[in-house]
Amino acid sequence: MNHLRAAFLRPACRAPWLSRPPCTNASSSQAHRSVHNAARSARRGPAQFLPQQNPSSRSTPSRHASTNAGPSSSSGSSNTPPPGSRPQYKSREEMYAARNRSLLMYTSAVIIAGVGITYAAVPLYRMFCAATGFAGTPKVGMGKFEADRLVPVEDAKRIKVHFNADTSDALPWSFTPQQKFVSVLPGETSLAFYKAKNKSDKDIIGIATYNVTPDRIAPYFAKVECFCFEEQKLLAGEEVDMPLLFFIDRDVLDDPACRNLDDVVLSYTFFRARRNAQGHLEPDAPDDVVQASQGFSGYDIAPRVEDRVKSEKSSS
């Protein structure tokens, strides 16, 4: 064993990277430890035999570099965080205080936005209904009702509008127009009145229908304010004036069928009102009478849903 150890320690038999100056005064235990350390280093590979630097010497260049950079660069790098980095807080209390401030700002913004939307909900809803006709709201500034179209055509021929009034036999009312006729220009608005009186001793609800003759003028006869198809309740012995605001669309001048039209008849018929199965008011009269009052006496009208259901039940 001693011979092998001596042979390994001989400089000619060792690897070049294991060579070290001879030590004649080292004891056998130190030589043994040196052999084991050399063998362990040989198993790790040549990359481990690079000269190792002292930790104090490795940190020295960085300190020198920071020292040579000058006081301005060191102060700027310590005070200004890199872009995109999170803010640094000195304590946990400071971090929680910053989070609470952010939460308070976001909560206040949400509350202010909710209050603003609440106050603006009603006018916004009205604007939406006026623009789309939702919930039965008349559309504003569209089609024939635009303001620039309600201008009389001065060089056109005037059209005479006659007024007629009728009442159902079941309705004890007197219903008459207050003027026989009016002459209007295409695009000119005109105001007319009807007078209705309840001659009974009971409160009665009536509902009116209308028609325009000849039929070819009907698409151009527009009513801005009218009492037709609405509930009209008159107390016992009450008498009221019912206004009618209308105009004839100026497009009637471009229709060849209406070129020689001089007279128009506007007829209103009042019926006693009743509730149908859906709870809506409708004229209390047979369907053929109601259709005739609207100018559809010569047309085939489909039966109502209630009548079809009753006929189906009776046939089955």
# chains A, B, ... in the order shown; residues from 1 in each chain; ligands from 1
call {"tool": "select_by_dssp", "arguments": {"residues": "segment 118-238 of chain A", "states": "strand (DSSP E or B)", "output": "ChimeraX atom specification"}}
result
/A:159-167,173-177,181-184,189-198,204-213,221-225,232-234
call {"tool": "residues_around", "arguments": {"residues": "segment 167-182 of chain A", "least_positions_apart": "5", "cutoff": "10 Å", "atoms": "only C-alpha atoms", "output": "ChimeraX atom specification"}}
result
/A:158-162,190-202,204-206,208,234,237-242,263-273,283-285,289-290
call {"tool": "closest_residue", "arguments": {"among": "A:Gly187, A:Pro219, A:Pro286, A:Gly279", "to": "Ile248 of chain A", "atoms": "only C-alpha atoms"}}
result
A:Gly187
call {"tool": "closest_residue", "arguments": {"among": "A:Leu281, A:Leu124, A:Leu261, A:Leu103", "to": "Lys233 of chain A", "atoms": "only C-alpha atoms"}}
result
A:Leu281
call {"tool": "atom_distance", "arguments": {"atom1": "atom CA of Leu245 of chain A", "atom2": "atom CA of Cys129 of chain A"}}
result
22.8 Å
call {"tool": "select_by_dssp", "arguments": {"residues": "segment 207-255 of chain A", "states": "helix (DSSP H, G or I)", "output": "PyMOL selection string"}}
result
chain A and resi 215-220+250-254
call {"tool": "residues_around", "arguments": {"residues": "Asp255 of chain A", "least_positions_apart": "5", "cutoff": "10 Å", "atoms": "only C-alpha atoms", "output": "number ranges by chain"}}
result
A: 216-217, 220, 250
call {"tool": "atom_distance", "arguments": {"atom1": "atom CA of Val212 of chain A", "atom2": "atom CA of Ala292 of chain A"}}
result
11.9 Å
call {"tool": "atom_distance", "arguments": {"atom1": "atom CA of Asp288 of chain A", "atom2": "atom CA of Arg274 of chain A"}}
result
16.5 Å
call {"tool": "closest_residue", "arguments": {"among": "A:Gln88, A:Pro214, A:Val309, A:Phe227", "to": "Ala257 of chain A", "atoms": "only C-alpha atoms"}}
result
A:Pro214
